[in-house]
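Novice: Supplied in structure tokens, the structure appears directly below.
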Amino acid sequence: MHYIESGVGAPLVLLHAFPLDARMWNPVRTRLEDRTRMIAPDQRGLGESALDGSSAHPLAGGDRAAAPDVELAAADVLELMDRLELPRAVVGGCSMGGYVAMAMLRAAPERVAGLLLVDTKATADGPDQQANRRAVADRAESSGTGDWLAADMLPNLLGDTTRQQRPEVVEQVRGLIEEQPAAGVAWAQRAMAARPDSTGTLRGFGGPALVVVGAEDGITPPQEAAKMADLLPDGELVTLPEVGHLSALEDPDAFTAAIGPWLNRIG
């Protein structure tokens with residue numbers, strides 16, 4: 001599993017959104033590396049991480065050819081923590097990364113020192129959303145991602161303010177999407193379609209938790225974030241103005257200002 005690491009201090013593992021890779025966290029990483037040791041992996045099949053799996057972790061069952069599953073993606077991250085000799089870390093994730101973070105919490109709650117959920121949701125997909133994910137996976141496998149995936153996803157991934165006023169962010173996200181391997185895109189979509197409901201998982205986590213959401217997030221809107229914060233016994237909620245589903249990338253200054261005090265309190 002490929003990863004980016006920098007900084008010193010308490011470890012923070014950040015998991016990226018779909019269909020991006022660990023580079024989405026670069027603006028945040030440069031703002032946090034003076035206070036935390038940040039580890040940002042490319043999830044299975046995306047960025048520079050192999051699709052056939054790097055995980056030999058017992059929680060992965062030793063089956064590298066297993067069906068797409070966020071639990072297997074979580075096992076990859078736990079194996080990376082083993083390699084880095086990190087018994088515990090604050091674990092955060094945006095969108096798909098949040099689903100993987102919640103899978104880590106199910107598999108090994110003792111490894112999660114704190115939970116950061118960014119523009120994500122705890123509920124499973126309904127039948128229509130599952131069918132749409134599988135259709136995207138099939139199209140990616142049959143004809144690649146070309147220009148269509150970025151064109152289809154950008155209007156939903158980014159808030160109105162970003163699309164109107166931050167053209168450099170739009171182009172950055174477009175470039176990240178266009179660089180993702182089609183097979184990894186397909187695997188991730190199928191894994192997300194099959195993921196379970198995580199509301200009980202959050203309800204059972206007694207550690208510190210922060211939920212961050214963009215006010216203009218149309219994929220996992222603020223009301224979904226509020227539900228997650230209410231589920232978490234020690235949960236807090238922050239809503240960031242003028243950003244959408246990729247809040248950390250759209251306004252890294254506002255994002256780091258929001259999570260910095262929380263990291264200081266728990267670290």
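Within each chain, counting starts at residue 1; across the structure tokens, chains are named A, B, ... in the order shown, with ligands numbered 1 upward in that order.
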Need to verify the contact set: A:Asp34, 8 Å, only C-alpha atoms, exclusion of same-chain residues closer than 5 positions in sequence. Can you return it as a ChimeraX atom specification?
Specialist: /A:7-9
Novice: Keeping only all heavy atoms, take the residues you just selected and write them out as a CSV table (one decimal), in the first residue's frame.
Specialist:
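Written out: part-v8.csv:
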```csv
chain,number,residue,atom,x,y,z
A,7,GLY,N,5.5,15.1,9.0
A,7,GLY,CA,5.2,15.7,10.2
A,7,GLY,C,5.6,14.9,11.4
A,7,GLY,O,6.2,13.8,11.3
A,8,VAL,N,5.4,15.5,12.6
A,8,VAL,CA,5.8,14.9,13.9
A,8,VAL,C,4.7,15.0,14.9
A,8,VAL,O,3.9,15.9,14.7
A,8,VAL,CB,7.1,15.5,14.4
A,8,VAL,CG1,8.3,15.3,13.5
A,8,VAL,CG2,6.9,17.1,14.6
A,9,GLY,N,4.7,14.1,15.8
A,9,GLY,CA,3.7,14.2,16.9
A,9,GLY,C,2.8,13.0,16.8
A,9,GLY,O,3.1,11.9,16.3
```
Novice: For stretch 38-43 of chain A, please output as a count of residues only all residues within 7 Å (counting only C-alpha atoms; exclusion window: fewer than 6 positions along the same chain).
Specialist: 17
Novice: Tell me, which residues of stretch 45-266 of chain A carry DSSP strand (DSSP E or B), written as a ChimeraX atom specification?
Specialist: /A:89-94,112-118,209-214,235-240
Novice: Residues as selected, N, CA and C atoms, written as a compact mmCIF listing (two decimals), in the first residue's frame, can you do that?
Specialist:
```txt
# COMPACT_ATOMS: atom_id res chain seq x y z
N ALA A 89 -4.05 5.25 16.44
CA ALA A 89 -3.94 6.53 15.73
C ALA A 89 -5.31 7.17 15.68
N VAL A 90 -5.34 8.46 15.55
CA VAL A 90 -6.58 9.13 15.14
C VAL A 90 -6.81 8.76 13.68
N VAL A 91 -8.01 8.32 13.37
CA VAL A 91 -8.34 7.87 12.02
C VAL A 91 -9.43 8.77 11.45
N GLY A 92 -9.16 9.31 10.28
CA GLY A 92 -10.14 10.17 9.63
C GLY A 92 -10.35 9.77 8.19
N GLY A 93 -11.51 10.09 7.67
CA GLY A 93 -11.78 9.78 6.28
C GLY A 93 -12.84 10.68 5.70
N CYS A 94 -12.66 11.00 4.42
CA CYS A 94 -13.62 11.80 3.67
C CYS A 94 -14.39 10.90 2.72
N VAL A 112 -8.28 2.78 17.25
CA VAL A 112 -8.78 4.10 16.88
C VAL A 112 -8.79 5.00 18.11
N ALA A 113 -7.81 5.93 18.16
CA ALA A 113 -7.70 6.83 19.29
C ALA A 113 -8.69 8.00 19.19
N GLY A 114 -9.13 8.29 18.02
CA GLY A 114 -10.10 9.34 17.76
C GLY A 114 -10.61 9.17 16.34
N LEU A 115 -11.81 9.67 16.08
CA LEU A 115 -12.46 9.46 14.79
C LEU A 115 -12.83 10.80 14.17
N LEU A 116 -12.38 11.01 12.93
CA LEU A 116 -12.67 12.23 12.19
C LEU A 116 -13.44 11.83 10.93
N LEU A 117 -14.69 12.21 10.86
CA LEU A 117 -15.54 11.86 9.73
C LEU A 117 -15.85 13.12 8.93
N VAL A 118 -15.46 13.12 7.67
CA VAL A 118 -15.53 14.32 6.83
C VAL A 118 -16.41 14.04 5.62
N ALA A 209 -14.70 12.14 18.86
CA ALA A 209 -15.08 12.10 17.44
C ALA A 209 -15.47 13.49 16.98
N LEU A 210 -15.07 13.81 15.77
CA LEU A 210 -15.42 15.08 15.15
C LEU A 210 -16.00 14.81 13.77
N VAL A 211 -17.15 15.40 13.50
CA VAL A 211 -17.80 15.29 12.19
C VAL A 211 -17.72 16.66 11.51
N VAL A 212 -17.17 16.67 10.30
CA VAL A 212 -17.01 17.91 9.54
C VAL A 212 -17.79 17.77 8.24
N VAL A 213 -18.52 18.81 7.87
CA VAL A 213 -19.29 18.76 6.63
C VAL A 213 -19.30 20.13 5.97
N GLY A 214 -19.28 20.13 4.65
CA GLY A 214 -19.42 21.37 3.90
C GLY A 214 -20.88 21.78 3.82
N GLY A 235 -19.32 12.99 20.32
CA GLY A 235 -19.22 13.56 18.98
C GLY A 235 -19.43 15.07 18.97
N GLU A 236 -18.70 15.73 18.08
CA GLU A 236 -18.86 17.16 17.83
C GLU A 236 -19.12 17.36 16.34
N LEU A 237 -19.75 18.45 15.99
CA LEU A 237 -20.09 18.74 14.60
C LEU A 237 -19.58 20.13 14.23
N VAL A 238 -18.94 20.20 13.06
CA VAL A 238 -18.52 21.49 12.49
C VAL A 238 -19.03 21.55 11.05
N THR A 239 -19.70 22.63 10.71
CA THR A 239 -20.15 22.87 9.34
C THR A 239 -19.33 24.02 8.76
N LEU A 240 -18.71 23.76 7.61
CA LEU A 240 -17.85 24.75 6.97
C LEU A 240 -18.61 25.46 5.85
```
Novice: Applying 8 Å and only C-alpha atoms, which residues near stretch 204-207 of chain A remain after dropping the ones on its own chain fewer than 3 positions away? List them as a PDB file with C-alpha atoms, in the first residue's frame.
Specialist:
```pdb
ATOM      1  CA  LEU A 105     -13.754   0.899  13.882  1.00  0.00           C
ATOM      2  CA  PRO A 109     -11.852  -0.288  17.777  1.00  0.00           C
ATOM      3  CA  ALA A 113      -7.704   6.835  19.291  1.00  0.00           C
ATOM      4  CA  GLY A 114     -10.101   9.335  17.764  1.00  0.00           C
ATOM      5  CA  LEU A 115     -12.461   9.456  14.787  1.00  0.00           C
ATOM      6  CA  GLY A 200     -24.553   0.968  15.402  1.00  0.00           C
ATOM      7  CA  THR A 201     -20.786   1.158  15.006  1.00  0.00           C
ATOM      8  CA  LEU A 232     -21.499   9.424  18.677  1.00  0.00           C
ATOM      9  CA  PRO A 233     -21.376   9.605  22.504  1.00  0.00           C
ATOM     10  CA  ASP A 234     -18.476  12.081  22.374  1.00  0.00           C
TER      11      ASP A 234
END
```
Novice: Using only C-alpha atoms, pick whichever of A:His16, A:Arg23, A:Arg163, A:Arg190 has the shortest atom-to-atom distance to A:Asn132.
Specialist: A:Arg190
Novice: Extract, using only C-alpha atoms, all DNA, RNA and protein residues at most 10 Å from A:Ala103, discarding same-chain residues fewer than 3 positions from it, and format them as a ChimeraX atom specification.
Specialist: /A:69-75,97-100,106-109,195-196,198,201
Novice: Please identify the alpha helix (DSSP H) residues within stretch 196-251 of chain A (assignment by DSSP from backbone atoms) and present them as an MDAnalysis selection string.
Specialist: chainID A and resid 199:203 222:231 247:250
Novice: Just C-alpha atoms for this one: save the residues we selected as an mmCIF file, in the first residue's frame.
Specialist:
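Contents of the output file selection13.cif:
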```cif
data_model
loop_
_atom_site.group_PDB
_atom_site.id
_atom_site.type_symbol
_atom_site.label_atom_id
_atom_site.label_comp_id
_atom_site.auth_asym_id
_atom_site.auth_seq_id
_atom_site.Cartn_x
_atom_site.Cartn_y
_atom_site.Cartn_z
ATOM 1 C CA THR A 199 -24.973 3.608 12.700
ATOM 2 C CA GLY A 200 -24.553 0.968 15.402
ATOM 3 C CA THR A 201 -20.786 1.158 15.006
ATOM 4 C CA LEU A 202 -20.806 4.886 15.706
ATOM 5 C CA ARG A 203 -23.213 4.533 18.604
ATOM 6 C CA PRO A 222 -25.282 18.639 6.675
ATOM 7 C CA GLN A 223 -28.342 16.826 8.002
ATOM 8 C CA GLU A 224 -26.545 13.495 7.510
ATOM 9 C CA ALA A 225 -23.540 14.866 9.388
ATOM 10 C CA ALA A 226 -25.767 16.000 12.247
ATOM 11 C CA LYS A 227 -27.223 12.498 12.524
ATOM 12 C CA MET A 228 -23.729 11.007 12.831
ATOM 13 C CA ALA A 229 -22.687 13.534 15.465
ATOM 14 C CA ASP A 230 -25.818 12.688 17.452
ATOM 15 C CA LEU A 231 -25.002 8.971 17.289
ATOM 16 C CA SER A 247 -14.358 20.458 2.054
ATOM 17 C CA ALA A 248 -10.751 19.720 3.054
ATOM 18 C CA LEU A 249 -9.561 20.317 -0.507
ATOM 19 C CA GLU A 250 -11.889 23.190 -1.332
#
```
Novice: Considering only C-alpha atoms, state which residue in the set A:Thr161, A:Thr36, A:Thr123, A:Gln189 is at the smallest distance from A:Met102.
Specialist: A:Thr123
Novice: Smallest atom-to-atom distance to A:Leu32: which of A:Gly260, A:Ile266, A:Pro181, A:His245, using only C-alpha atoms?
Specialist: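 Closest to A:Leu32 of all the choices is A:Gly260.
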Novice: Would you list the contacts of A:Gly144 as a list in words, taking every protein, DNA or RNA residue within 12 Å and counting only C-alpha atoms, but skipping same-chain residues closer than 2 positions in sequence?
Specialist: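 Using only C-alpha atoms, the neighbours found are Val136, Ala137, Asp138, Arg139, Ala140, Glu141, Ser142, Gly146, Asp147, Trp148, Leu149, Ala150, Glu178, Glu179, Gln180, Pro181, Ala182, Ala183, Gly184, Val185 and Ala186 of chain A.
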